$ cat protein22.pdb   # PDB, C-alpha atoms, pLDDT in the B column
ATOM      1  CA  MET A  58      25.876  23.162   7.987  1.00 52.00           C
ATOM      2  CA  ASP A  59      23.833  20.133   6.933  1.00 75.00           C
ATOM      3  CA  GLU A  60      22.423  20.308   3.426  1.00 85.00           C
ATOM      4  CA  PRO A  61      18.663  21.015   3.632  1.00 92.00           C
ATOM      5  CA  ILE A  62      16.064  18.680   2.183  1.00 95.00           C
ATOM      6  CA  LEU A  63      13.995  21.696   1.048  1.00 96.00           C
ATOM      7  CA  GLU A  64      14.985  25.276   0.254  1.00 96.00           C
ATOM      8  CA  LEU A  65      12.860  28.233  -0.800  1.00 96.00           C
ATOM      9  CA  LYS A  66      14.811  31.102  -2.396  1.00 96.00           C
ATOM     10  CA  ASP A  67      13.242  34.523  -2.922  1.00 95.00           C
ATOM     11  CA  ILE A  68       9.719  33.244  -3.695  1.00 95.00           C
ATOM     12  CA  CYS A  69       7.234  35.778  -5.077  1.00 95.00           C
ATOM     13  CA  TYR A  70       3.650  35.182  -6.185  1.00 94.00           C
ATOM     14  CA  SER A  71       0.538  37.226  -6.998  1.00 92.00           C
ATOM     15  CA  TYR A  72      -3.137  36.363  -7.352  1.00 88.00           C
ATOM     16  CA  HIS A  73      -4.651  37.412 -10.675  1.00 85.00           C
ATOM     17  CA  SER A  74      -8.284  38.230 -11.466  1.00 81.00           C
ATOM     18  CA  LEU A  75     -10.272  40.404 -13.841  1.00 81.00           C
ATOM     19  CA  LYS A  76      -9.917  43.205 -11.294  1.00 82.00           C
ATOM     20  CA  GLY A  77      -6.147  43.085 -11.439  1.00 83.00           C
ATOM     21  CA  GLU A  78      -3.158  41.687  -9.587  1.00 86.00           C
ATOM     22  CA  THR A  79      -2.909  41.134  -5.810  1.00 85.00           C
ATOM     23  CA  PRO A  80       0.622  40.462  -4.512  1.00 88.00           C
ATOM     24  CA  ALA A  81       0.526  37.473  -2.124  1.00 90.00           C
ATOM     25  CA  LEU A  82       4.098  36.361  -1.376  1.00 93.00           C
ATOM     26  CA  SER A  83       7.135  38.644  -1.459  1.00 93.00           C
ATOM     27  CA  HIS A  84      10.733  37.365  -1.470  1.00 94.00           C
ATOM     28  CA  ILE A  85      10.246  34.444   0.915  1.00 95.00           C
ATOM     29  CA  SER A  86      13.336  32.386   1.715  1.00 95.00           C
ATOM     30  CA  PHE A  87      13.935  29.604   4.238  1.00 95.00           C
ATOM     31  CA  ARG A  88      15.407  26.115   4.543  1.00 95.00           C
ATOM     32  CA  VAL A  89      14.085  22.886   6.058  1.00 96.00           C
ATOM     33  CA  LYS A  90      16.418  20.206   7.426  1.00 94.00           C
ATOM     34  CA  LYS A  91      15.773  16.505   7.009  1.00 93.00           C
ATOM     35  CA  GLY A  92      13.675  15.211   9.914  1.00 92.00           C
ATOM     36  CA  GLU A  93      12.646  18.710  10.992  1.00 94.00           C
ATOM     37  CA  PHE A  94       9.069  19.588  11.978  1.00 93.00           C
ATOM     38  CA  LEU A  95       8.536  23.113  10.611  1.00 95.00           C
ATOM     39  CA  VAL A  96       5.381  25.117  11.299  1.00 95.00           C
ATOM     40  CA  ILE A  97       4.325  28.086   9.161  1.00 94.00           C
ATOM     41  CA  ALA A  98       2.090  30.588  10.959  1.00 91.00           C
ATOM     42  CA  GLY A  99       0.773  34.034  10.095  1.00 86.00           C
ATOM     43  CA  PRO A 100      -2.345  36.168   9.710  1.00 83.00           C
ATOM     44  CA  SER A 101      -5.354  34.776   7.835  1.00 81.00           C
ATOM     45  CA  GLY A 102      -5.088  35.269   4.103  1.00 80.00           C
ATOM     46  CA  CYS A 103      -1.329  35.847   4.052  1.00 83.00           C
ATOM     47  CA  GLY A 104      -0.688  33.019   1.565  1.00 85.00           C
ATOM     48  CA  LYS A 105       0.351  30.103   3.788  1.00 89.00           C
ATOM     49  CA  SER A 106      -1.660  27.524   1.823  1.00 89.00           C
ATOM     50  CA  THR A 107      -0.447  29.016  -1.446  1.00 91.00           C
ATOM     51  CA  LEU A 108       3.123  28.525  -0.267  1.00 92.00           C
ATOM     52  CA  LEU A 109       2.414  24.890   0.606  1.00 92.00           C
ATOM     53  CA  SER A 110       0.842  24.334  -2.824  1.00 92.00           C
ATOM     54  CA  MET A 111       4.039  25.632  -4.398  1.00 93.00           C
ATOM     55  CA  ILE A 112       6.181  23.226  -2.382  1.00 94.00           C
ATOM     56  CA  ALA A 113       3.852  20.436  -3.543  1.00 92.00           C
ATOM     57  CA  GLY A 114       4.320  21.519  -7.161  1.00 91.00           C
ATOM     58  CA  LEU A 115       0.649  22.454  -7.650  1.00 91.00           C
ATOM     59  CA  LEU A 116       1.556  26.105  -8.278  1.00 91.00           C
ATOM     60  CA  ALA A 117       4.687  27.662  -9.734  1.00 92.00           C
ATOM     61  CA  PRO A 118       6.321  30.749  -8.189  1.00 93.00           C
ATOM     62  CA  GLU A 119       6.403  33.835 -10.388  1.00 93.00           C
ATOM     63  CA  GLU A 120       9.874  34.595  -9.078  1.00 94.00           C
ATOM     64  CA  GLY A 121      12.390  32.586  -7.093  1.00 94.00           C
ATOM     65  CA  GLU A 122      13.111  28.876  -6.779  1.00 95.00           C
ATOM     66  CA  ILE A 123      11.994  25.888  -4.746  1.00 95.00           C
ATOM     67  CA  LEU A 124      14.916  23.491  -4.469  1.00 95.00           C
ATOM     68  CA  PHE A 125      15.402  19.951  -3.180  1.00 95.00           C
ATOM     69  CA  PRO A 126      19.203  19.809  -2.658  1.00 92.00           C
ATOM     70  CA  GLN A 127      19.187  16.119  -1.673  1.00 90.00           C
ATOM     71  CA  GLY A 128      17.228  15.102  -4.775  1.00 91.00           C
ATOM     72  CA  LYS A 129      13.533  15.233  -5.608  1.00 89.00           C
ATOM     73  CA  PRO A 130      11.676  13.761  -2.609  1.00 91.00           C
ATOM     74  CA  GLN A 131       8.406  11.883  -2.455  1.00 90.00           C
ATOM     75  CA  LEU A 132       5.835  14.359  -1.127  1.00 92.00           C
ATOM     76  CA  GLY A 133       2.736  13.590   0.939  1.00 89.00           C
ATOM     77  CA  TYR A 134      -0.011  16.226   1.136  1.00 88.00           C
ATOM     78  CA  MET A 135      -2.637  16.148   3.908  1.00 84.00           C
ATOM     79  CA  LEU A 136      -5.446  18.695   3.642  1.00 79.00           C
ATOM     80  CA  GLN A 137      -7.853  20.315   6.103  1.00 75.00           C
ATOM     81  CA  HIS A 138     -10.495  17.647   5.520  1.00 77.00           C
ATOM     82  CA  ASP A 139      -9.904  13.901   5.423  1.00 79.00           C
ATOM     83  CA  HIS A 140     -11.471  13.458   1.941  1.00 87.00           C
ATOM     84  CA  LEU A 141     -12.253   9.793   2.618  1.00 91.00           C
ATOM     85  CA  PHE A 142     -14.696   8.243   0.158  1.00 93.00           C
ATOM     86  CA  GLU A 143     -17.892   7.034   1.813  1.00 94.00           C
ATOM     87  CA  TRP A 144     -18.414   4.190  -0.679  1.00 94.00           C
ATOM     88  CA  ARG A 145     -15.049   2.686   0.293  1.00 95.00           C
ATOM     89  CA  SER A 146     -14.159   1.030   3.581  1.00 95.00           C
ATOM     90  CA  ILE A 147     -11.431   2.535   5.778  1.00 95.00           C
ATOM     91  CA  TYR A 148      -8.977  -0.080   4.491  1.00 95.00           C
ATOM     92  CA  GLN A 149      -9.940   0.662   0.875  1.00 94.00           C
ATOM     93  CA  ASN A 150      -9.456   4.379   1.537  1.00 94.00           C
ATOM     94  CA  VAL A 151      -6.046   3.773   3.097  1.00 94.00           C
ATOM     95  CA  ILE A 152      -4.773   1.881   0.046  1.00 93.00           C
ATOM     96  CA  LEU A 153      -6.292   4.287  -2.503  1.00 92.00           C
ATOM     97  CA  GLY A 154      -2.971   6.022  -3.136  1.00 88.00           C
ATOM     98  CA  LEU A 155      -1.306   2.660  -3.700  1.00 90.00           C
ATOM     99  CA  GLU A 156      -3.958   1.820  -6.299  1.00 89.00           C
ATOM    100  CA  ILE A 157      -3.588   5.149  -8.099  1.00 88.00           C
ATOM    101  CA  ASN A 158       0.220   4.903  -8.122  1.00 86.00           C
ATOM    102  CA  ARG A 159       0.178   1.207  -9.055  1.00 88.00           C
ATOM    103  CA  GLN A 160       2.089   0.228  -5.930  1.00 88.00           C
ATOM    104  CA  MET A 161      -0.190  -2.581  -4.740  1.00 89.00           C
ATOM    105  CA  THR A 162       2.672  -4.847  -3.764  1.00 91.00           C
ATOM    106  CA  GLN A 163       2.452  -7.372  -0.943  1.00 91.00           C
ATOM    107  CA  ALA A 164       4.968  -5.381   1.080  1.00 91.00           C
ATOM    108  CA  LYS A 165       2.967  -2.153   0.730  1.00 91.00           C
ATOM    109  CA  LEU A 166      -0.306  -3.846   1.645  1.00 93.00           C
ATOM    110  CA  GLU A 167       1.310  -5.421   4.690  1.00 92.00           C
ATOM    111  CA  GLN A 168       2.586  -1.980   5.671  1.00 90.00           C
ATOM    112  CA  ALA A 169      -0.950  -0.553   5.368  1.00 93.00           C
ATOM    113  CA  THR A 170      -2.238  -3.277   7.674  1.00 94.00           C
ATOM    114  CA  ARG A 171       0.605  -2.699  10.120  1.00 90.00           C
ATOM    115  CA  LEU A 172      -0.092   1.042  10.256  1.00 89.00           C
ATOM    116  CA  LEU A 173      -3.784   0.403  10.878  1.00 92.00           C
ATOM    117  CA  LYS A 174      -2.839  -1.875  13.773  1.00 91.00           C
ATOM    118  CA  ASP A 175      -0.208   0.491  15.162  1.00 83.00           C
ATOM    119  CA  TYR A 176      -2.608   3.419  15.267  1.00 81.00           C
ATOM    120  CA  GLY A 177      -5.691   1.665  16.583  1.00 86.00           C
ATOM    121  CA  LEU A 178      -7.790   1.489  13.424  1.00 91.00           C
ATOM    122  CA  TYR A 179      -7.424  -2.140  12.384  1.00 94.00           C
ATOM    123  CA  ARG A 180     -10.682  -3.271  13.974  1.00 94.00           C
ATOM    124  CA  PHE A 181     -12.451  -0.503  12.059  1.00 95.00           C
ATOM    125  CA  LYS A 182     -10.881  -1.340   8.697  1.00 94.00           C
ATOM    126  CA  ASP A 183     -14.148  -2.616   7.222  1.00 95.00           C
ATOM    127  CA  LYS A 184     -16.210   0.328   8.470  1.00 95.00           C
ATOM    128  CA  LYS A 185     -17.308   3.229   6.295  1.00 95.00           C
ATOM    129  CA  PRO A 186     -15.970   6.725   7.107  1.00 94.00           C
ATOM    130  CA  SER A 187     -19.350   7.875   8.459  1.00 93.00           C
ATOM    131  CA  GLU A 188     -19.070   5.216  11.180  1.00 94.00           C
ATOM    132  CA  LEU A 189     -15.850   6.758  12.570  1.00 91.00           C
ATOM    133  CA  SER A 190     -15.204   9.857  14.667  1.00 86.00           C
ATOM    134  CA  GLY A 191     -13.519  12.900  13.146  1.00 83.00           C
ATOM    135  CA  GLY A 192     -10.263  12.086  14.889  1.00 81.00           C
ATOM    136  CA  MET A 193     -10.250   8.509  13.635  1.00 87.00           C
ATOM    137  CA  LYS A 194     -10.903   9.689  10.089  1.00 89.00           C
ATOM    138  CA  GLN A 195      -7.930  12.056  10.290  1.00 84.00           C
ATOM    139  CA  ARG A 196      -5.733   9.165  11.466  1.00 85.00           C
ATOM    140  CA  ALA A 197      -6.958   7.129   8.490  1.00 91.00           C
ATOM    141  CA  ALA A 198      -6.124  10.030   6.167  1.00 89.00           C
ATOM    142  CA  LEU A 199      -2.621  10.224   7.635  1.00 85.00           C
ATOM    143  CA  ILE A 200      -2.109   6.469   7.195  1.00 88.00           C
ATOM    144  CA  ARG A 201      -3.254   6.829   3.564  1.00 91.00           C
ATOM    145  CA  THR A 202      -0.483   9.416   3.163  1.00 88.00           C
ATOM    146  CA  LEU A 203       2.204   7.536   5.112  1.00 87.00           C
ATOM    147  CA  VAL A 204       1.716   4.231   3.296  1.00 90.00           C
ATOM    148  CA  LEU A 205       3.168   5.892   0.182  1.00 88.00           C
ATOM    149  CA  GLU A 206       6.362   6.488   2.212  1.00 88.00           C
ATOM    150  CA  PRO A 207       6.767  10.225   1.538  1.00 90.00           C
ATOM    151  CA  ASP A 208      10.028  11.947   2.443  1.00 92.00           C
ATOM    152  CA  ILE A 209       8.258  15.236   3.248  1.00 93.00           C
ATOM    153  CA  LEU A 210       4.771  15.592   4.715  1.00 92.00           C
ATOM    154  CA  LEU A 211       2.872  18.781   3.858  1.00 93.00           C
ATOM    155  CA  LEU A 212       0.051  19.404   6.341  1.00 91.00           C
ATOM    156  CA  ASP A 213      -2.463  22.146   5.548  1.00 89.00           C
ATOM    157  CA  GLU A 214      -4.324  22.721   8.840  1.00 84.00           C
ATOM    158  CA  PRO A 215      -5.316  19.030   9.094  1.00 78.00           C
ATOM    159  CA  PHE A 216      -6.883  19.485  12.557  1.00 76.00           C
ATOM    160  CA  SER A 217      -8.964  22.614  11.902  1.00 75.00           C
ATOM    161  CA  ALA A 218     -12.238  20.756  11.277  1.00 69.00           C
ATOM    162  CA  LEU A 219     -12.086  18.968  14.659  1.00 73.00           C
ATOM    163  CA  ASP A 220     -13.561  20.133  17.947  1.00 75.00           C
ATOM    164  CA  TYR A 221     -11.042  21.509  20.441  1.00 76.00           C
ATOM    165  CA  GLN A 222     -10.691  18.421  22.654  1.00 76.00           C
ATOM    166  CA  THR A 223     -10.375  16.061  19.683  1.00 74.00           C
ATOM    167  CA  ARG A 224      -7.951  18.465  18.028  1.00 77.00           C
ATOM    168  CA  LEU A 225      -5.620  18.381  21.045  1.00 79.00           C
ATOM    169  CA  SER A 226      -5.631  14.593  21.135  1.00 76.00           C
ATOM    170  CA  VAL A 227      -5.342  13.994  17.384  1.00 75.00           C
ATOM    171  CA  SER A 228      -2.638  16.622  16.790  1.00 78.00           C
ATOM    172  CA  SER A 229      -0.610  15.038  19.596  1.00 79.00           C
ATOM    173  CA  ASP A 230      -1.095  11.528  18.202  1.00 76.00           C
ATOM    174  CA  ILE A 231      -0.276  12.526  14.643  1.00 75.00           C
ATOM    175  CA  CYS A 232       2.826  14.423  15.742  1.00 80.00           C
ATOM    176  CA  LYS A 233       4.047  11.313  17.587  1.00 80.00           C
ATOM    177  CA  ILE A 234       3.377   9.211  14.468  1.00 78.00           C
ATOM    178  CA  ILE A 235       5.331  11.600  12.244  1.00 79.00           C
ATOM    179  CA  ARG A 236       8.254  11.864  14.666  1.00 81.00           C
ATOM    180  CA  SER A 237       8.415   8.083  15.126  1.00 81.00           C
ATOM    181  CA  THR A 238       8.852   7.675  11.358  1.00 80.00           C
ATOM    182  CA  GLY A 239      11.550  10.369  11.188  1.00 84.00           C
ATOM    183  CA  LYS A 240       9.715  12.200   8.423  1.00 87.00           C
ATOM    184  CA  THR A 241      10.247  15.838   7.554  1.00 93.00           C
ATOM    185  CA  ALA A 242       7.012  17.798   8.052  1.00 93.00           C
ATOM    186  CA  VAL A 243       5.787  21.267   7.098  1.00 95.00           C
ATOM    187  CA  LEU A 244       2.574  22.235   8.899  1.00 93.00           C
ATOM    188  CA  ILE A 245       0.311  25.249   8.473  1.00 92.00           C
ATOM    189  CA  THR A 246      -1.747  26.307  11.489  1.00 88.00           C
ATOM    190  CA  HIS A 247      -3.492  29.366  12.931  1.00 83.00           C
ATOM    191  CA  ASP A 248      -3.259  27.924  16.446  1.00 85.00           C
ATOM    192  CA  LEU A 249      -0.204  29.375  18.206  1.00 88.00           C
ATOM    193  CA  SER A 250      -0.322  26.869  21.077  1.00 87.00           C
ATOM    194  CA  GLU A 251      -0.470  24.044  18.556  1.00 87.00           C
ATOM    195  CA  ALA A 252       2.481  25.524  16.651  1.00 89.00           C
ATOM    196  CA  ILE A 253       4.682  25.727  19.767  1.00 90.00           C
ATOM    197  CA  SER A 254       3.760  22.261  21.016  1.00 87.00           C
ATOM    198  CA  LEU A 255       4.455  20.560  17.668  1.00 87.00           C
ATOM    199  CA  ALA A 256       7.295  22.493  16.041  1.00 90.00           C
ATOM    200  CA  ASP A 257      11.060  22.318  16.016  1.00 92.00           C
ATOM    201  CA  ARG A 258      10.917  25.726  14.352  1.00 95.00           C
ATOM    202  CA  ILE A 259       8.227  28.262  13.469  1.00 95.00           C
ATOM    203  CA  ILE A 260       8.255  30.555  10.440  1.00 95.00           C
ATOM    204  CA  VAL A 261       5.969  33.566  10.984  1.00 93.00           C
ATOM    205  CA  LEU A 262       4.729  35.291   7.837  1.00 92.00           C
ATOM    206  CA  SER A 263       3.657  38.921   7.674  1.00 90.00           C
ATOM    207  CA  ARG A 264       0.438  40.250   6.220  1.00 88.00           C
ATOM    208  CA  ARG A 265       0.010  40.105   2.447  1.00 85.00           C
ATOM    209  CA  PRO A 266       2.187  40.463   0.512  1.00 89.00           C
ATOM    210  CA  ALA A 267       3.799  38.041   2.947  1.00 90.00           C
ATOM    211  CA  ASN A 268       7.454  37.887   3.806  1.00 91.00           C
ATOM    212  CA  VAL A 269       9.281  36.065   6.608  1.00 94.00           C
ATOM    213  CA  ARG A 270       8.733  38.211   9.680  1.00 91.00           C
ATOM    214  CA  CYS A 271      10.288  35.802  12.194  1.00 90.00           C
ATOM    215  CA  ASP A 272      12.167  32.490  12.178  1.00 94.00           C
ATOM    216  CA  MET A 273      11.843  31.041  15.688  1.00 93.00           C
ATOM    217  CA  PRO A 274      13.541  27.810  16.866  1.00 94.00           C
ATOM    218  CA  ILE A 275      11.531  26.074  19.625  1.00 92.00           C
ATOM    219  CA  ARG A 276      13.436  24.519  22.529  1.00 91.00           C
ATOM    220  CA  LEU A 277      11.295  23.172  25.366  1.00 86.00           C
ATOM    221  CA  THR A 278      12.897  21.640  28.464  1.00 83.00           C
ATOM    222  CA  LEU A 279      10.530  18.925  29.589  1.00 72.00           C
ATOM    223  CA  ALA A 280      11.076  15.264  30.451  1.00 57.00           C
ATOM    224  CA  ASP A 281       7.883  14.293  28.607  1.00 64.00           C
ATOM    225  CA  ASP A 282       8.296  15.699  25.110  1.00 64.00           C
ATOM    226  CA  SER A 283       4.760  14.894  23.926  1.00 68.00           C
ATOM    227  CA  PRO A 284       2.831  17.788  22.314  1.00 68.00           C
ATOM    228  CA  LEU A 285       0.231  17.785  25.092  1.00 72.00           C
ATOM    229  CA  ALA A 286       2.870  17.918  27.835  1.00 73.00           C
ATOM    230  CA  ALA A 287       4.739  20.641  25.931  1.00 78.00           C
ATOM    231  CA  ARG A 288       2.067  23.146  26.947  1.00 80.00           C
ATOM    232  CA  ASN A 289       3.309  22.839  30.540  1.00 78.00           C
ATOM    233  CA  ALA A 290       6.937  23.572  29.659  1.00 85.00           C
ATOM    234  CA  PRO A 291       8.412  26.629  31.448  1.00 85.00           C
ATOM    235  CA  GLU A 292       9.360  28.206  28.090  1.00 89.00           C
ATOM    236  CA  PHE A 293       5.890  27.779  26.584  1.00 88.00           C
ATOM    237  CA  ALA A 294       4.369  31.070  27.774  1.00 89.00           C
ATOM    238  CA  GLY A 295       7.389  33.042  26.575  1.00 91.00           C
ATOM    239  CA  TYR A 296       7.172  31.569  23.086  1.00 91.00           C
ATOM    240  CA  PHE A 297       3.413  32.154  23.004  1.00 91.00           C
ATOM    241  CA  ASN A 298       3.790  35.811  23.994  1.00 91.00           C
ATOM    242  CA  GLN A 299       6.515  36.335  21.413  1.00 90.00           C
ATOM    243  CA  LEU A 300       4.437  34.747  18.656  1.00 89.00           C
ATOM    244  CA  TRP A 301       1.330  36.659  19.714  1.00 88.00           C
ATOM    245  CA  LYS A 302       3.285  39.920  19.524  1.00 87.00           C
ATOM    246  CA  GLU A 303       4.588  39.093  16.049  1.00 86.00           C
ATOM    247  CA  ILE A 304       1.092  38.222  14.769  1.00 81.00           C
ATOM    248  CA  SER A 305      -0.694  41.069  16.603  1.00 76.00           C
ATOM    249  CA  ASP A 306       1.743  43.708  15.356  1.00 69.00           C
ATOM    250  CA  GLU A 307       0.736  42.688  11.838  1.00 57.00           C
ATOM    251  CA  LYS A 308      -2.860  43.719  12.513  1.00 54.00           C
ATOM    252  CA  HIS A 309      -1.968  47.374  13.027  1.00 47.00           C
TER     253      HIS A 309
END

$ encode --input "protein22.pdb" --output "structure tokens"
Amino acid sequence: MDEPILELKDICYSYHSLKGETPALSHISFRVKKGEFLVIAGPSGCGKSTLLSMIAGLLAPEEGEILFPQGKPQLGYMLQHDHLFEWRSIYQNVILGLEINRQMTQAKLEQATRLLKDYGLYRFKDKKPSELSGGMKQRAALIRTLVLEPDILLLDEPFSALDYQTRLSVSSDICKIIRSTGKTAVLITHDLSEAISLADRIIVLSRRPANVRCDMPIRLTLADDSPLAARNAPEFAGYFNQLWKEISDEKH
């Protein structure tokens, strides 16, 4: 078996307040292979974002370990909102991470320009975020993340603020971008159709305190393997029904 790029072993975590302790995550274990697109799904409030924050190193598990068997990777974290700064142009937003990390080399700046061209934003590079559509801003946010050349992309519902039609288009585009770079990705989503169309594998969490209820590999037989076309795959409905049953059973 190939050595994973990321491994979670027996992760436990609780939320603490003046009212007491609320268990959130209970003995969660799974592995992620290099180049894999993993989706984490589950009921609202089950701790999916908390788990992603732990992988990013923003929170520490109370029990268990988060391991990087192939060595500590560069992590990229993309949130629900684009968080572009209005007083900076799109180009200035894209290179913000390079500035902060003191990586403003000629090669990195050329890469930023190349990514803007590749993903249709170069002619908008001098615009302010308010002059772009929601989908374009999310592409800019992804480029800002990719220009730092992360080994693992952590995506916390990055399409949730978009309207449905834009969400379909942008999630498809961003998935193609990630797959073309060969990056490992871990995505959180509430949208089951989105999960099936994007994922190589889906981890379904139970209600809080969350544990791994289901680990589902996704295999779609379709000539066009784009996320939008995936919804027409003959296996799609079966996966959707299985996921819906896993999630719905948690509500009772």

$ resolve_selection --input "protein22.pdb" --expression "the PyMOL selection byres ((chain A and resi 118) around 9)" --output "ChimeraX atom specification"
/A:68-71,108,111,116-117,119-123

$ closest_residue --input "protein22.pdb" --among "A:Gln127, A:Ala98, A:Gly192, A:Leu132" --to "Leu115 in chain A" --atoms "all atoms listed in the file"
A:Leu132

$ residues_around --input "protein22.pdb" --residues "Phe87 in chain A" --least-positions-apart "2" --cutoff "7 Å" --atoms "all atoms listed in the file" --output "PyMOL selection string"
chain A and resi 64-66+85+89

$ axis_aligned_box --input "protein22.pdb" --around "range 256-263 of chain A" --padding-each-side "5 Å" --output "JSON"
{"center_x": 7.4, "center_y": 30.6, "center_z": 11.9, "size_x": 17.4, "size_y": 26.6, "size_z": 18.4}

$ residues_around --input "protein22.pdb" --residues "range 243-257 of chain A" --least-positions-apart "4" --cutoff "9 Å" --atoms "only C-alpha atoms" --output "VMD selection string"
chain A and resid 89 93 to 101 105 to 106 109 209 to 217 225 228 to 229 232 273 to 277 282 to 288 293 296 to 297 300 to 301

$ resolve_selection --input "protein22.pdb" --expression "the PyMOL selection byres ((chain A and resi 155) around 10)" --output "PDB file with C-alpha atoms, in the frame of the given file"
ATOM      1  CA  GLN A 149      -9.940   0.662   0.875  1.00 94.00           C
ATOM      2  CA  ASN A 150      -9.456   4.379   1.537  1.00 94.00           C
ATOM      3  CA  VAL A 151      -6.046   3.773   3.097  1.00 94.00           C
ATOM      4  CA  ILE A 152      -4.773   1.881   0.046  1.00 93.00           C
ATOM      5  CA  LEU A 153      -6.292   4.287  -2.503  1.00 92.00           C
ATOM      6  CA  GLY A 154      -2.971   6.022  -3.136  1.00 88.00           C
ATOM      7  CA  GLU A 156      -3.958   1.820  -6.299  1.00 89.00           C
ATOM      8  CA  ILE A 157      -3.588   5.149  -8.099  1.00 88.00           C
ATOM      9  CA  ASN A 158       0.220   4.903  -8.122  1.00 86.00           C
ATOM     10  CA  ARG A 159       0.178   1.207  -9.055  1.00 88.00           C
ATOM     11  CA  GLN A 160       2.089   0.228  -5.930  1.00 88.00           C
ATOM     12  CA  MET A 161      -0.190  -2.581  -4.740  1.00 89.00           C
ATOM     13  CA  THR A 162       2.672  -4.847  -3.764  1.00 91.00           C
ATOM     14  CA  LYS A 165       2.967  -2.153   0.730  1.00 91.00           C
ATOM     15  CA  LEU A 166      -0.306  -3.846   1.645  1.00 93.00           C
ATOM     16  CA  ALA A 169      -0.950  -0.553   5.368  1.00 93.00           C
ATOM     17  CA  ARG A 201      -3.254   6.829   3.564  1.00 91.00           C
ATOM     18  CA  THR A 202      -0.483   9.416   3.163  1.00 88.00           C
ATOM     19  CA  VAL A 204       1.716   4.231   3.296  1.00 90.00           C
ATOM     20  CA  LEU A 205       3.168   5.892   0.182  1.00 88.00           C
TER      21      LEU A 205
END

$ residues_around --input "protein22.pdb" --residues "range 76-79 of chain A" --least-positions-apart "6" --cutoff "12 Å" --atoms "all atoms listed in the file" --output "list of chain:residue names"
A:Cys69, A:Tyr70, A:Gly102, A:Cys103, A:Gly104, A:Arg265, A:Pro266, A:Ala267

$ closest_residue --input "protein22.pdb" --among "A:Asp67, A:Glu167, A:Glu143, A:Asp208" --to "Lys184 in chain A" --atoms "only C-alpha atoms"
A:Glu143

$ closest_residue --input "protein22.pdb" --among "A:Ser86, A:Gln131, A:Ser146, A:Gln222" --to "Glu188 in chain A" --atoms "only C-alpha atoms"
A:Ser146

$ resolve_selection --input "protein22.pdb" --expression "the PyMOL selection byres ((chain A and resi 239) around 10)" --output "PDB file with C-alpha atoms, in the coordinates of the input"
ATOM      1  CA  LYS A  91      15.773  16.505   7.009  1.00 93.00           C
ATOM      2  CA  GLY A  92      13.675  15.211   9.914  1.00 92.00           C
ATOM      3  CA  GLU A  93      12.646  18.710  10.992  1.00 94.00           C
ATOM      4  CA  PHE A  94       9.069  19.588  11.978  1.00 93.00           C
ATOM      5  CA  ASP A 208      10.028  11.947   2.443  1.00 92.00           C
ATOM      6  CA  ILE A 209       8.258  15.236   3.248  1.00 93.00           C
ATOM      7  CA  LYS A 233       4.047  11.313  17.587  1.00 80.00           C
ATOM      8  CA  ILE A 234       3.377   9.211  14.468  1.00 78.00           C
ATOM      9  CA  ILE A 235       5.331  11.600  12.244  1.00 79.00           C
ATOM     10  CA  ARG A 236       8.254  11.864  14.666  1.00 81.00           C
ATOM     11  CA  SER A 237       8.415   8.083  15.126  1.00 81.00           C
ATOM     12  CA  THR A 238       8.852   7.675  11.358  1.00 80.00           C
ATOM     13  CA  LYS A 240       9.715  12.200   8.423  1.00 87.00           C
ATOM     14  CA  THR A 241      10.247  15.838   7.554  1.00 93.00           C
ATOM     15  CA  ALA A 242       7.012  17.798   8.052  1.00 93.00           C
TER      16      ALA A 242
END

$ residues_near_point --input "protein22.pdb" --point "(11.6, 21.1, 30.5)" --cutoff "7 Å" --atoms "all atoms listed in the file" --output "list in words"
Leu277, Thr278, Leu279, Ala280, Ala290 and Pro291 of chain A

$ residues_around --input "protein22.pdb" --residues "Arg171 in chain A" --least-positions-apart "5" --cutoff "12 Å" --atoms "all atoms listed in the file" --output "list in words"
Tyr148, Val151, Ala164, Lys165, Leu166, Tyr176, Gly177, Leu178, Tyr179, Arg180, Lys182, Ile200, Leu203 and Val204 of chain A

$ build_atoms --input "protein22.pdb" --residues "range 88-93 of chain A" --atoms "N, CA, C and O atoms" --output "mmCIF file, in the coordinates of the input"
data_model
loop_
_atom_site.group_PDB
_atom_site.id
_atom_site.type_symbol
_atom_site.label_atom_id
_atom_site.label_comp_id
_atom_site.auth_asym_id
_atom_site.auth_seq_id
_atom_site.Cartn_x
_atom_site.Cartn_y
_atom_site.Cartn_z
ATOM 1 N N ARG A 88 14.956 27.487 4.770
ATOM 2 C CA ARG A 88 15.407 26.115 4.543
ATOM 3 C C ARG A 88 14.737 25.174 5.539
ATOM 4 O O ARG A 88 14.373 25.589 6.635
ATOM 5 N N VAL A 89 14.621 23.911 5.159
ATOM 6 C CA VAL A 89 14.085 22.886 6.058
ATOM 7 C C VAL A 89 15.065 21.718 6.083
ATOM 8 O O VAL A 89 15.443 21.193 5.026
ATOM 9 N N LYS A 90 15.487 21.329 7.283
ATOM 10 C CA LYS A 90 16.418 20.206 7.426
ATOM 11 C C LYS A 90 15.666 18.876 7.394
ATOM 12 O O LYS A 90 14.492 18.803 7.754
ATOM 13 N N LYS A 91 16.359 17.835 7.002
ATOM 14 C CA LYS A 91 15.773 16.505 7.009
ATOM 15 C C LYS A 91 15.389 16.108 8.434
ATOM 16 O O LYS A 91 16.170 16.272 9.373
ATOM 17 N N GLY A 92 14.162 15.627 8.609
ATOM 18 C CA GLY A 92 13.675 15.211 9.914
ATOM 19 C C GLY A 92 13.115 16.339 10.757
ATOM 20 O O GLY A 92 12.648 16.103 11.878
ATOM 21 N N GLU A 93 13.138 17.556 10.236
ATOM 22 C CA GLU A 93 12.646 18.710 10.992
ATOM 23 C C GLU A 93 11.125 18.822 10.888
ATOM 24 O O GLU A 93 10.529 18.476 9.869
#
